[in-house]
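The file work.cif contains mmCIF, C-alpha atoms and all ligand atoms:
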data_coords
#
loop_
_atom_site.label_atom_id
_atom_site.label_comp_id
_atom_site.auth_asym_id
_atom_site.auth_seq_id
_atom_site.Cartn_x
_atom_site.Cartn_y
_atom_site.Cartn_z
CA MET A 107 99.80 145.58 -136.27
CA ALA A 108 96.33 145.56 -137.59
CA ALA A 109 93.97 142.92 -138.79
CA ALA A 110 90.59 142.78 -140.35
CA GLY A 111 88.20 139.93 -139.95
CA PRO A 112 86.61 137.63 -139.26
CA ARG A 113 83.52 137.82 -141.36
CA ARG A 114 81.06 135.11 -141.97
CA GLY A 115 77.78 134.63 -143.70
CA ALA A 116 74.77 132.79 -142.44
CA GLY A 117 74.06 129.91 -144.80
CA SER A 118 71.76 131.13 -147.51
CA ALA A 119 71.31 134.55 -145.94
CA PRO A 120 72.27 137.61 -148.00
CA ALA A 121 75.98 137.98 -148.12
CA LEU A 122 78.60 140.02 -146.37
CA GLY A 123 79.83 143.46 -147.19
CA ALA A 124 83.16 144.19 -148.74
CA LEU A 125 85.79 145.78 -146.56
CA ARG A 126 88.30 148.42 -147.43
CA LEU A 127 90.72 149.77 -144.92
CA VAL A 128 93.43 152.35 -144.65
CA LEU A 129 95.39 152.69 -141.46
CA LEU A 130 97.19 155.66 -140.05
CA LEU A 131 98.73 155.53 -136.65
CA GLY A 132 100.55 158.34 -134.95
CA ALA A 133 101.53 159.54 -131.50
CA ALA A 134 100.92 163.25 -131.56
CA LEU A 135 102.10 166.05 -129.29
CA GLY A 136 100.58 168.59 -131.60
CA PRO A 137 99.98 168.70 -135.32
CA ALA A 138 103.43 170.16 -136.02
CA ARG A 139 105.26 167.50 -134.01
CA ALA A 140 103.22 164.39 -134.77
CA ALA A 141 105.26 161.27 -135.44
CA VAL A 142 103.72 158.71 -137.77
CA TYR A 143 104.44 155.13 -136.70
CA PHE A 144 102.43 153.28 -139.27
CA GLN A 145 100.73 154.34 -142.45
CA GLU A 146 99.20 152.15 -145.13
CA GLN A 147 97.49 153.67 -148.13
CA PHE A 148 98.06 150.84 -150.61
CA LEU A 149 99.54 153.18 -153.19
CA ASP A 150 102.30 150.93 -154.56
CA GLY A 151 100.45 148.22 -156.42
CA ALA A 152 101.23 144.60 -155.54
CA ASN A 153 103.92 145.59 -153.01
CA TRP A 154 101.39 145.45 -150.20
CA HIS A 155 101.90 141.67 -150.21
CA LYS A 156 105.40 142.28 -148.80
CA ARG A 157 104.05 144.22 -145.84
CA TRP A 158 100.93 142.23 -145.00
CA MET A 159 100.91 138.62 -143.86
CA ASN A 160 97.91 136.36 -144.19
CA SER A 161 97.14 134.25 -141.20
CA GLU A 162 97.20 130.49 -141.71
CA TYR A 163 95.57 129.60 -138.42
CA LYS A 164 93.08 127.54 -140.37
CA PRO A 165 93.21 126.36 -143.99
CA ASP A 166 90.00 127.84 -145.42
CA LEU A 167 90.52 131.52 -144.63
CA GLY A 168 89.41 133.97 -147.31
CA LYS A 169 91.89 135.99 -149.37
CA PHE A 170 91.99 139.76 -149.47
CA LYS A 171 92.37 141.58 -152.79
CA LEU A 172 93.48 145.12 -153.56
CA THR A 173 90.79 147.15 -155.28
CA ALA A 174 89.06 150.50 -155.29
CA GLY A 175 85.79 148.59 -155.32
CA LYS A 176 82.55 149.36 -157.08
CA PHE A 177 82.44 153.03 -156.17
CA TYR A 178 85.24 155.41 -155.23
CA GLY A 179 86.40 159.00 -155.35
CA ASP A 180 89.74 158.25 -157.03
CA PRO A 181 90.50 154.89 -158.73
CA VAL A 182 94.13 154.80 -157.51
CA ARG A 183 94.17 156.67 -154.21
CA ASP A 184 91.06 154.95 -152.90
CA LYS A 185 92.36 151.40 -153.23
CA GLY A 186 92.24 149.16 -150.21
CA LEU A 187 91.98 145.57 -149.12
CA GLN A 188 88.67 143.94 -149.87
CA THR A 189 87.30 140.58 -148.88
CA SER A 190 86.94 138.42 -151.98
CA GLU A 191 84.28 135.88 -150.96
CA ASN A 192 81.27 135.82 -148.72
CA SER A 193 80.86 133.46 -145.80
CA LYS A 194 84.58 133.26 -145.00
CA PHE A 195 86.82 134.33 -142.16
CA TYR A 196 89.68 136.72 -142.96
CA ALA A 197 92.75 137.57 -140.93
CA ILE A 198 95.74 139.62 -142.07
CA SER A 199 98.28 141.76 -140.28
CA SER A 200 101.13 144.17 -140.86
CA ARG A 201 103.99 145.00 -138.54
CA PHE A 202 105.45 148.26 -137.25
CA LYS A 203 108.31 149.00 -134.89
CA PRO A 204 107.35 148.85 -131.21
CA PHE A 205 106.92 152.29 -129.66
CA SER A 206 105.60 153.91 -126.50
CA ASN A 207 103.03 156.65 -126.48
CA LYS A 208 103.60 157.37 -122.80
CA GLY A 209 102.61 160.96 -122.08
CA LYS A 210 101.49 161.52 -125.66
CA THR A 211 98.14 161.30 -127.39
CA LEU A 212 97.85 158.30 -129.68
CA VAL A 213 95.73 158.76 -132.80
CA ILE A 214 94.55 155.75 -134.81
CA GLN A 215 92.53 156.28 -137.99
CA TYR A 216 91.18 153.87 -140.56
CA THR A 217 88.61 153.89 -143.31
CA VAL A 218 86.13 151.13 -144.08
CA LYS A 219 83.76 151.03 -147.02
CA HIS A 220 80.90 148.56 -147.14
CA GLU A 221 79.64 147.70 -150.60
CA GLN A 222 77.14 145.12 -149.50
CA LYS A 223 74.57 145.17 -146.78
CA ILE A 224 76.06 143.07 -144.01
CA ASP A 225 73.47 140.61 -142.89
CA CYS A 226 75.76 138.57 -140.72
CA GLY A 227 79.38 139.44 -140.10
CA GLY A 228 81.78 142.10 -139.00
CA GLY A 229 85.12 143.72 -139.66
CA TYR A 230 87.68 144.73 -137.08
CA VAL A 231 90.97 146.55 -136.81
CA LYS A 232 93.08 145.52 -133.85
CA ILE A 233 96.38 146.67 -132.40
CA PHE A 234 98.37 143.71 -131.09
CA SER A 235 101.46 143.36 -128.98
CA SER A 236 104.74 143.15 -130.92
CA ASN A 237 105.18 139.45 -130.11
CA LEU A 238 102.13 138.43 -132.15
CA ASP A 239 102.68 135.31 -134.24
CA GLN A 240 101.30 136.78 -137.46
CA LYS A 241 100.91 133.42 -139.22
CA ASN A 242 98.73 132.24 -136.35
CA LEU A 243 96.61 135.37 -136.05
CA SER A 244 93.06 134.49 -134.99
CA GLY A 245 90.20 135.68 -132.87
CA ASP A 246 92.08 134.25 -129.88
CA SER A 247 95.19 136.38 -130.40
CA HIS A 248 95.76 138.82 -127.56
CA TYR A 249 95.25 142.45 -128.58
CA TYR A 250 95.39 145.89 -126.95
CA ILE A 251 92.81 147.90 -128.86
CA MET A 252 89.99 146.91 -131.18
CA PHE A 253 87.79 148.96 -133.48
CA GLY A 254 85.01 147.73 -135.67
CA GLU A 255 81.42 146.85 -136.02
CA PHE A 256 79.41 143.73 -136.10
CA SER A 257 75.97 142.83 -137.37
CA TYR A 258 73.92 140.96 -134.83
CA PHE A 259 71.12 139.94 -137.16
CA CYS A 260 72.69 136.56 -137.61
CA ILE A 261 72.79 135.57 -133.97
CA THR A 262 69.20 134.49 -133.91
CA LYS A 263 69.69 132.58 -137.16
CA THR A 264 72.97 130.84 -136.51
CA LEU A 265 73.57 130.74 -132.81
CA HIS A 266 74.75 127.14 -133.06
CA SER A 267 77.61 128.08 -135.35
CA PHE A 268 78.63 131.20 -133.54
CA THR A 269 81.96 130.32 -132.05
CA VAL A 270 84.15 133.39 -132.48
CA THR A 271 84.34 135.63 -129.45
CA PHE A 272 86.28 138.82 -128.88
C1 LIG A 301 97.89 129.42 -132.43
O1 LIG A 301 97.05 130.16 -131.59
C2 LIG A 301 96.23 129.36 -130.75
C3 LIG A 301 95.26 130.27 -130.04
O2 LIG A 301 95.84 131.45 -129.57
C4 LIG A 301 97.11 128.56 -129.82
O3 LIG A 301 96.31 127.75 -128.99
C5 LIG A 301 98.05 127.71 -130.63
O4 LIG A 301 98.94 127.03 -129.78
C6 LIG A 301 98.82 128.55 -131.62
N1 LIG A 301 99.59 127.69 -132.52
C7 LIG A 301 100.86 127.87 -132.75
C8 LIG A 301 101.46 126.93 -133.76
O5 LIG A 301 101.54 128.71 -132.20
#

Write the structure described by the file as structure tokens, please.
Amino acid sequence: MAAAGPRRGAGSAPALGALRLVLLLGAALGPARAAVYFQEQFLDGANWHKRWMNSEYKPDLGKFKLTAGKFYGDPVRDKGLQTSENSKFYAISSRFKPFSNKGKTLVIQYTVKHEQKIDCGGGYVKIFSSNLDQKNLSGDSHYYIMFGEFSYFCITKTLHSFTVTF
């Protein structure tokens, strides 16, 4: 599973960046024998809604939208999930069959595009255990691996409201 978010803005501070992600997960012995366990390129229009579940762990979470964004190489192939509003938390996940990569190299790839300068916020991709309650996905959900980046400029501005920890 993978999730992006949370992201938050700092009051009147300049807003958050937009996030686009594509995930590819494989356990590879060698290029010729690589098995792909999860791949999401958002190439089938609105069908992504069937594969991705929004968290409802709190009522005011932001909604993702599918778009190629303001700039792209290809208007169809470069579509991804984008945050739709600034100063919101986002959490969404998709499921794949449990597998073991014991004795094999695990490769995880994703692409993120930022269209705004992120003044205060971050975006993460996490791999969770298969018993994750997707509807209750939050910063407290137990995960195995996390990738992402975070802007620390906001900490000095909004330390009092900084409650999410990973
Ligand atoms: C949702 O997750 C939180 C934090 O992990 C937990 O405390 C809470 O019991 C969960 N709620 C439900 C309905 O499972």

Could I get the residue neighbourhood of ligand LIG 301 (chain A) at 12 Å, counting only C-alpha atoms and all ligand atoms, as a ChimeraX atom specification?
-> /A:161-164,237-249,270

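What separates atom CA of A:Glu221 from atom CA of A:Lys156 is a distance of 26.4 Å.
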
Who sits within 10 Å of A:Arg157, all atoms listed in the file, same chain under 4 positions skipped, as a PyMOL selection string = chain A and resi 146+153+199-202

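Atom CA of A:Ser236 is found 6.3 Å from atom CA of A:Pro204.
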
If you measure from atom CA of A:Leu167 to atom CA of A:Arg183, what distance in Å do you get, rounded to one decimal?
-> 27.2 Å

With all atoms of stretch 206-213 of chain A from the file as input, state the centre and edge lengths in Å to one decimal of the axis-aligned box that has 5 Å extra on each side, as AutoDock Vina command-line options.
--center_x 100.7 --center_y 157.7 --center_z -127.4 --size_x 19.9 --size_y 17.6 --size_z 20.7

8 Å contact set for A:Asp166, only C-alpha atoms, chain neighbours under 2 positions out, as JSON, numbers by chain = {"A": [164, 168, 194, 195]}
